[in-house]
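Source file: structure.tsv. Holds: TSV, C-alpha atoms and all ligand atoms.
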chain	number	residue	atom	x	y	z
Q	722	MET	CA	0.00	0.00	0.00
Q	723	HIS	CA	1.24	3.51	-0.88
Q	724	ARG	CA	1.33	6.32	1.68
Q	725	ARG	CA	-1.04	9.15	0.89
Q	726	ASN	CA	1.78	11.70	0.89
Q	727	GLY	CA	4.18	9.48	-1.10
Q	728	ILE	CA	5.69	10.61	-4.40
Q	729	PRO	CA	4.02	8.92	-7.42
Q	730	LEU	CA	6.25	6.24	-8.95
Q	731	GLY	CA	5.91	7.82	-12.42
Q	732	ILE	CA	7.43	11.08	-11.11
Q	733	VAL	CA	10.16	9.13	-9.30
Q	734	LEU	CA	11.15	7.32	-12.52
Q	735	LYS	CA	11.02	10.47	-14.68
Q	736	THR	CA	13.14	12.43	-12.20
Q	737	LEU	CA	15.70	9.67	-11.62
Q	738	GLY	CA	15.91	8.97	-15.37
Q	739	LYS	CA	17.35	12.47	-15.80
Q	740	VAL	CA	19.98	11.93	-13.09
Q	741	TYR	CA	21.15	8.31	-13.48
Q	742	GLN	CA	21.91	6.00	-16.39
Q	743	PRO	CA	22.15	2.63	-14.61
Q	744	PRO	CA	23.18	-0.57	-16.41
Q	745	LYS	CA	20.75	-3.50	-16.81
Q	746	THR	CA	22.26	-4.89	-13.63
Q	747	PHE	CA	25.21	-3.84	-11.50
Q	748	LEU	CA	26.63	-7.37	-11.69
Q	749	HIS	CA	29.07	-8.09	-14.53
Q	750	PHE	CA	28.32	-11.13	-16.69
Q	751	ARG	CA	28.84	-12.63	-20.15
Q	752	THR	CA	26.15	-15.33	-20.21
Q	753	PRO	CA	22.90	-16.13	-18.33
Q	754	LEU	CA	24.84	-18.79	-16.37
Q	755	ASP	CA	27.41	-16.18	-15.28
Q	756	LEU	CA	24.60	-13.94	-14.08
Q	757	ALA	CA	22.87	-16.75	-12.19
Q	758	VAL	CA	26.16	-17.54	-10.41
Q	759	ALA	CA	26.77	-13.84	-9.69
Q	760	VAL	CA	23.32	-13.31	-8.18
Q	761	ILE	CA	23.76	-16.35	-5.93
Q	762	LEU	CA	27.06	-14.85	-4.73
Q	763	SER	CA	25.51	-11.41	-4.21
Q	764	ALA	CA	23.37	-12.52	-1.23
Q	765	GLN	CA	24.75	-10.64	1.82
Q	766	CYS	CA	27.65	-9.38	-0.30
Q	767	THR	CA	28.33	-6.20	-2.28
Q	768	ASP	CA	28.10	-6.21	-6.07
Q	769	LYS	CA	31.61	-4.75	-6.12
Q	770	ARG	CA	33.08	-7.75	-4.29
Q	771	VAL	CA	31.08	-10.19	-6.46
Q	772	ASN	CA	32.38	-8.51	-9.63
Q	773	ILE	CA	35.97	-8.84	-8.40
Q	774	VAL	CA	35.53	-12.56	-7.67
Q	775	THR	CA	33.65	-13.41	-10.86
Q	776	GLU	CA	35.94	-11.49	-13.19
Q	777	SER	CA	39.26	-12.46	-11.63
Q	778	ILE	CA	38.55	-16.05	-10.57
Q	779	LEU	CA	35.30	-17.61	-11.78
Q	780	TYR	CA	34.72	-16.44	-15.35
Q	781	PRO	CA	38.23	-17.31	-16.60
Q	782	LYS	CA	37.96	-20.76	-14.98
Q	783	TYR	CA	34.29	-21.81	-15.39
Q	784	LYS	CA	32.33	-21.31	-18.60
Q	785	THR	CA	29.65	-24.02	-18.51
Q	786	ALA	CA	27.52	-25.74	-15.88
Q	787	LYS	CA	29.69	-28.83	-16.37
Q	788	ASP	CA	32.82	-26.80	-15.51
Q	789	TYR	CA	31.36	-25.88	-12.10
Q	790	LEU	CA	30.69	-29.57	-11.43
Q	791	SER	CA	34.13	-30.70	-12.57
Q	792	VAL	CA	35.86	-29.41	-9.42
Q	793	PRO	CA	35.54	-30.69	-5.84
Q	794	ARG	CA	33.15	-28.65	-3.68
Q	795	GLU	CA	36.11	-27.49	-1.52
Q	796	GLU	CA	37.81	-25.93	-4.53
Q	797	LEU	CA	34.72	-23.94	-5.48
Q	798	GLU	CA	34.33	-22.91	-1.83
Q	799	ARG	CA	37.86	-21.50	-1.91
Q	800	ASP	CA	37.12	-19.68	-5.14
Q	801	VAL	CA	34.04	-17.91	-3.73
Q	802	HIS	CA	35.34	-17.62	-0.17
Q	803	SER	CA	35.58	-13.81	-0.06
Q	804	CYS	CA	31.86	-13.41	-0.95
Q	805	GLY	CA	30.85	-14.78	2.48
Q	806	THR	CA	28.63	-17.78	3.38
Q	807	PHE	CA	30.89	-19.58	0.90
Q	808	ARG	CA	29.87	-23.15	1.80
Q	809	MET	CA	26.20	-22.51	1.10
Q	810	LYS	CA	26.94	-20.48	-2.03
Q	811	ALA	CA	29.26	-23.14	-3.50
Q	812	LYS	CA	26.63	-25.78	-2.70
Q	813	HIS	CA	23.87	-23.77	-4.40
Q	814	ILE	CA	26.02	-23.13	-7.48
Q	815	GLN	CA	26.86	-26.80	-7.94
Q	816	GLU	CA	23.29	-27.96	-7.21
Q	817	MET	CA	21.92	-25.39	-9.64
Q	818	CYS	CA	24.39	-26.54	-12.31
Q	819	GLY	CA	23.43	-30.18	-11.73
Q	820	LEU	CA	19.73	-29.38	-12.10
Q	821	ILE	CA	20.06	-27.24	-15.21
Q	822	ILE	CA	22.06	-30.05	-16.86
Q	823	GLU	CA	19.39	-32.55	-15.85
Q	824	ARG	CA	16.32	-30.46	-16.67
Q	825	HIS	CA	17.38	-27.76	-19.16
Q	826	SER	CA	20.32	-29.15	-21.20
Q	827	GLY	CA	22.78	-27.07	-19.19
Q	828	LYS	CA	21.06	-23.76	-19.96
Q	829	ILE	CA	19.49	-21.29	-17.57
Q	830	PRO	CA	15.68	-21.50	-18.01
Q	831	ARG	CA	13.60	-18.48	-19.01
Q	832	THR	CA	10.53	-18.67	-16.77
Q	833	MET	CA	9.94	-17.53	-13.21
Q	834	GLU	CA	8.58	-20.95	-12.24
Q	835	GLU	CA	11.57	-22.89	-13.59
Q	836	LEU	CA	14.10	-20.43	-12.16
Q	837	THR	CA	12.67	-20.33	-8.66
Q	838	ALA	CA	12.69	-24.16	-8.61
Q	839	LEU	CA	16.51	-23.97	-8.69
Q	840	PRO	CA	18.57	-23.87	-5.45
Q	841	GLY	CA	19.64	-20.40	-4.29
Q	842	ILE	CA	17.27	-18.63	-6.68
Q	843	GLY	CA	14.38	-16.71	-5.17
Q	844	ARG	CA	11.95	-14.33	-6.82
Q	845	LYS	CA	14.27	-11.31	-6.68
Q	846	THR	CA	17.13	-13.26	-8.22
Q	847	ALA	CA	14.87	-14.69	-10.91
Q	848	ASN	CA	13.60	-11.20	-11.79
Q	849	VAL	CA	17.19	-9.97	-12.19
Q	850	ILE	CA	18.14	-12.94	-14.41
Q	851	LEU	CA	15.02	-12.70	-16.58
Q	852	SER	CA	15.26	-8.98	-17.16
Q	853	ALA	CA	19.05	-8.53	-17.47
Q	854	ALA	CA	19.93	-11.74	-19.31
Q	855	PHE	CA	16.79	-12.31	-21.39
Q	856	ASP	CA	15.02	-8.92	-21.55
Q	857	ILE	CA	11.92	-10.53	-20.01
Q	858	ASN	CA	10.04	-8.34	-17.53
Q	859	ALA	CA	8.29	-10.88	-15.32
Q	860	GLY	CA	8.25	-8.67	-12.22
Q	861	ILE	CA	10.18	-6.00	-10.32
Q	862	ALA	CA	13.32	-7.11	-8.47
Q	863	VAL	CA	13.14	-5.82	-4.89
Q	864	ASP	CA	16.46	-5.80	-3.02
Q	865	THR	CA	17.46	-4.04	0.21
Q	866	HIS	CA	17.96	-0.69	-1.58
Q	867	VAL	CA	14.53	-0.90	-3.22
Q	868	ILE	CA	12.93	-1.82	0.12
Q	869	ARG	CA	14.53	1.10	2.00
Q	870	VAL	CA	14.09	3.79	-0.65
Q	871	SER	CA	10.51	2.75	-1.50
Q	872	GLN	CA	9.59	3.04	2.17
Q	873	ARG	CA	11.28	6.43	2.49
Q	874	LEU	CA	9.61	7.81	-0.64
Q	875	GLY	CA	6.21	6.57	0.56
Q	876	LEU	CA	5.84	4.12	-2.33
Q	877	THR	CA	5.02	1.35	0.14
Q	878	THR	CA	4.26	0.76	3.79
Q	879	HIS	CA	5.38	-2.87	3.58
Q	880	SER	CA	8.67	-4.61	4.44
Q	881	ASP	CA	8.02	-7.89	2.63
Q	882	PRO	CA	9.69	-7.76	-0.84
Q	883	LYS	CA	6.78	-9.54	-2.56
Q	884	LYS	CA	4.25	-7.07	-1.13
Q	885	ILE	CA	6.49	-4.14	-2.13
Q	886	GLU	CA	6.73	-5.56	-5.64
Q	887	LEU	CA	2.92	-5.72	-5.79
Q	888	ASP	CA	2.74	-2.10	-4.58
Q	889	LEU	CA	5.08	-0.92	-7.34
Q	890	ILE	CA	3.85	-2.98	-10.30
Q	891	PRO	CA	0.52	-1.19	-10.94
Q	892	PHE	CA	2.26	2.18	-11.15
Q	893	ALA	CA	4.85	1.43	-13.84
Q	894	PRO	CA	4.37	0.04	-17.35
Q	895	ARG	CA	5.86	-3.44	-17.80
Q	896	LYS	CA	8.63	-2.16	-20.08
Q	897	GLU	CA	9.80	0.10	-17.21
Q	898	TRP	CA	10.01	-2.63	-14.55
Q	899	ARG	CA	13.74	-3.17	-14.88
Q	900	ARG	CA	14.35	0.59	-14.68
Q	901	VAL	CA	12.27	0.76	-11.47
Q	902	THR	CA	14.85	-1.47	-9.81
Q	903	THR	CA	18.02	-0.01	-11.29
Q	904	LEU	CA	16.99	3.65	-10.89
Q	905	ILE	CA	15.88	3.20	-7.27
Q	906	ILE	CA	19.08	1.28	-6.51
Q	907	SER	CA	21.08	4.14	-8.03
Q	908	LEU	CA	19.40	6.63	-5.67
Q	909	GLY	CA	19.87	4.22	-2.76
Q	910	ARG	CA	23.60	3.89	-3.43
Q	911	ASP	CA	24.17	7.55	-4.11
Q	912	VAL	CA	22.23	9.66	-1.57
Q	913	CYS	CA	19.61	7.52	0.18
Q	914	THR	CA	21.92	4.99	1.80
Q	915	ALA	CA	21.18	2.69	4.72
Q	916	ARG	CA	23.70	4.58	6.83
Q	917	LYS	CA	22.67	8.12	5.95
Q	918	ARG	CA	20.02	10.21	4.19
Q	919	ALA	CA	21.89	12.84	2.16
Q	920	CYS	CA	18.61	14.62	1.40
Q	921	ILE	CA	20.29	17.94	0.64
Q	922	ARG	CA	21.67	16.35	-2.56
Q	923	CYS	CA	18.47	14.45	-3.45
Q	924	PRO	CA	16.08	15.52	-6.23
Q	925	PHE	CA	13.15	14.68	-3.90
Q	926	ALA	CA	14.41	16.79	-0.99
Q	927	LYS	CA	11.33	19.05	-0.90
Q	928	LYS	CA	8.60	16.45	-1.48
Q	929	CYS	CA	9.87	13.22	0.06
Q	930	PRO	CA	7.93	12.16	3.19
Q	931	SER	CA	11.26	11.15	4.80
Q	932	SER	CA	13.25	14.25	3.86
Q	933	LEU	CA	15.59	15.67	6.46
Q	934	VAL	CA	15.43	18.97	4.57
Q	935	THR	CA	11.80	19.40	5.62
Q	936	GLY	CA	12.37	17.84	9.04
Q	937	LYS	CA	10.63	14.51	8.38
Q	938	LYS	CA	11.20	11.23	10.23
Q	939	ASP	CA	12.79	8.29	8.42
Q	940	LEU	CA	9.97	6.03	7.14
Q	941	ALA	CA	12.37	3.17	6.41
Q	942	LYS	CA	11.79	0.24	8.73
Q	943	ASP	CA	14.78	-1.63	10.08
C	1	LIG	S1	14.82	13.06	0.27
C	1	LIG	FE1	16.21	11.95	1.62
C	1	LIG	S2	15.01	10.24	2.45
C	1	LIG	FE2	13.93	11.04	0.64
C	1	LIG	S3	14.65	9.78	-1.06
C	1	LIG	FE3	15.94	11.58	-0.99
C	1	LIG	S4	17.71	10.99	0.28
C	1	LIG	FE4	16.09	9.49	0.63

Written form, structure tokens:
Amino acid sequence: MHRRNGIPLGIVLKTLGKVYQPPKTFLHFRTPLDLAVAVILSAQCTDKRVNIVTESILYPKYKTAKDYLSVPREELERDVHSCGTFRMKAKHIQEMCGLIIERHSGKIPRTMEELTALPGIGRKTANVILSAAFDINAGIAVDTHVIRVSQRLGLTTHSDPKKIELDLIPFAPRKEWRRVTTLIISLGRDVCTARKRACIRCPFAKKCPSSLVTGKKDLAKD
């Protein structure tokens, strides 16, 4: 549900579109498989760290699902160690690779249902893969930046990513769904961070229901 004094999503997109030119996704990838691996690694980890690990270690070494299964689990764990929760992430990567070989001839599938049936892939991850790798807008990817900034801007009163996605979807045309995520993430990384609201530099400083400039309380829930 939107707050009554929230800024309409259309205005948010139009305004941010003039300020930021975000990529399809902030994760670097060559193939849908690369992206699926990168999004698994990005849980509880920064995109910057994931990009370092994928580009310097994983992508030169692993090109196909079979490649990821050709090494012992411990070796893959060492390769992804610096992304955190490395045991679970290595497990998910190898299980996902096993399943896509078994069910999809080694290719990443193109539907929400098939993607979310894979280990380590939830709805947010599937939305990122579908939109960035296949140009399919199945939904709006809601990460921690989108949660926080949407709450602050009054676009939602919810904390659950699925409910936030349902709050945003009716207010943006399908072709804009990817931009909803990447533009809001851009604002969240630049001025509306978890640590600090730099409202003085924000294009919504005068109208935002969480603006420090107009003395408002932070609507983001912890
Ligand atoms: S005005 Fe402040 S709280 Fe509102 S979106 Fe901008 S930085 Fe965030």

Exercise. Just give me the residues with any atom within 8 Å of (10.7, 2.8, -12.6), file coordinates, counting only C-alpha atoms, written as JSON, numbers by chain.
Key: {"Q": [730, 731, 733, 734, 735, 893, 897, 898, 899, 900, 901, 902, 903, 904, 905]}

Self-check item: All residues having an atom within 8 Å of ligand LIG 1 (chain C) (only C-alpha atoms and all ligand atoms) as number ranges by chain
Solution: Q: 870, 873-874, 908-909, 912-914, 918-934, 939

Exercise. Go ahead and find all residues with at least one atom no further than 12 Å from (25.3, -24.9, -0.5) in the file's coordinates, using all atoms listed in the file; report them as an MDAnalysis selection string.
Key: chainID Q and resid 761:762 794:795 797:798 801 805:818 840:842

Quiz item: What does the distance from CA of Phe855 (chain Q) to CA of Pro781 (chain Q) come to in Å, to one decimal?
Solution: 22.5 Å

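The interatomic distance for the pair CA of Glu835 (chain Q) and CA of Ser777 (chain Q) works out to 29.7 Å.
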
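What separates CA of Ala853 (chain Q) from CA of Phe747 (chain Q) is a distance of 9.8 Å.
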
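Proximity ranking of Q:Glu834, Q:Lys883, Q:Thr767, Q:Ile850 relative to Thr752 (chain Q) places Q:Ile850 first, based on all atoms listed in the file.
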
Practice problem: May I ask which of the residues Q:Leu876, Q:Leu790, Q:Ser907, Q:Ser763 is the closest one to Gly738 (chain Q), counting only C-alpha atoms? | Solution: Q:Ser907

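Nearest to Ile773 (chain Q) of all the residues Q:Thr832, Q:Ser880, Q:Thr865, Q:Ser803 is Q:Ser803, based on only C-alpha atoms.
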
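Counting all atoms listed in the file, the residue from Q:Gln742, Q:Thr935, Q:Ile821, Q:His749 that sits nearest to Tyr789 (chain Q) is Q:Ile821.
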
Self-check item: Spatial neighbours of Asp800 (chain Q), 8 Å, only C-alpha atoms, chain gap at least 5 places, as a PyMOL selection string
Solution: chain Q and resi 774+778-779

Output file for the selection above: C-alpha atoms, as a PDB file, keeping the file's coordinate frame:
ATOM      1  CA  VAL Q 774      35.530 -12.560  -7.670  1.00  0.00           C
ATOM      2  CA  ILE Q 778      38.550 -16.050 -10.570  1.00  0.00           C
ATOM      3  CA  LEU Q 779      35.300 -17.610 -11.780  1.00  0.00           C
TER       4      LEU Q 779
END

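Nearest residue to Lys937 (chain Q), choosing from Q:Gly819, Q:Asn858, Q:Gly875, Q:Arg770 and counting all atoms listed in the file: Q:Gly875.
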
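The nearest approach to Arg910 (chain Q) among the residues Q:Ala941, Q:Cys766, Q:Val760, Q:Val867, with all atoms listed in the file taken into account, belongs to Q:Val867.
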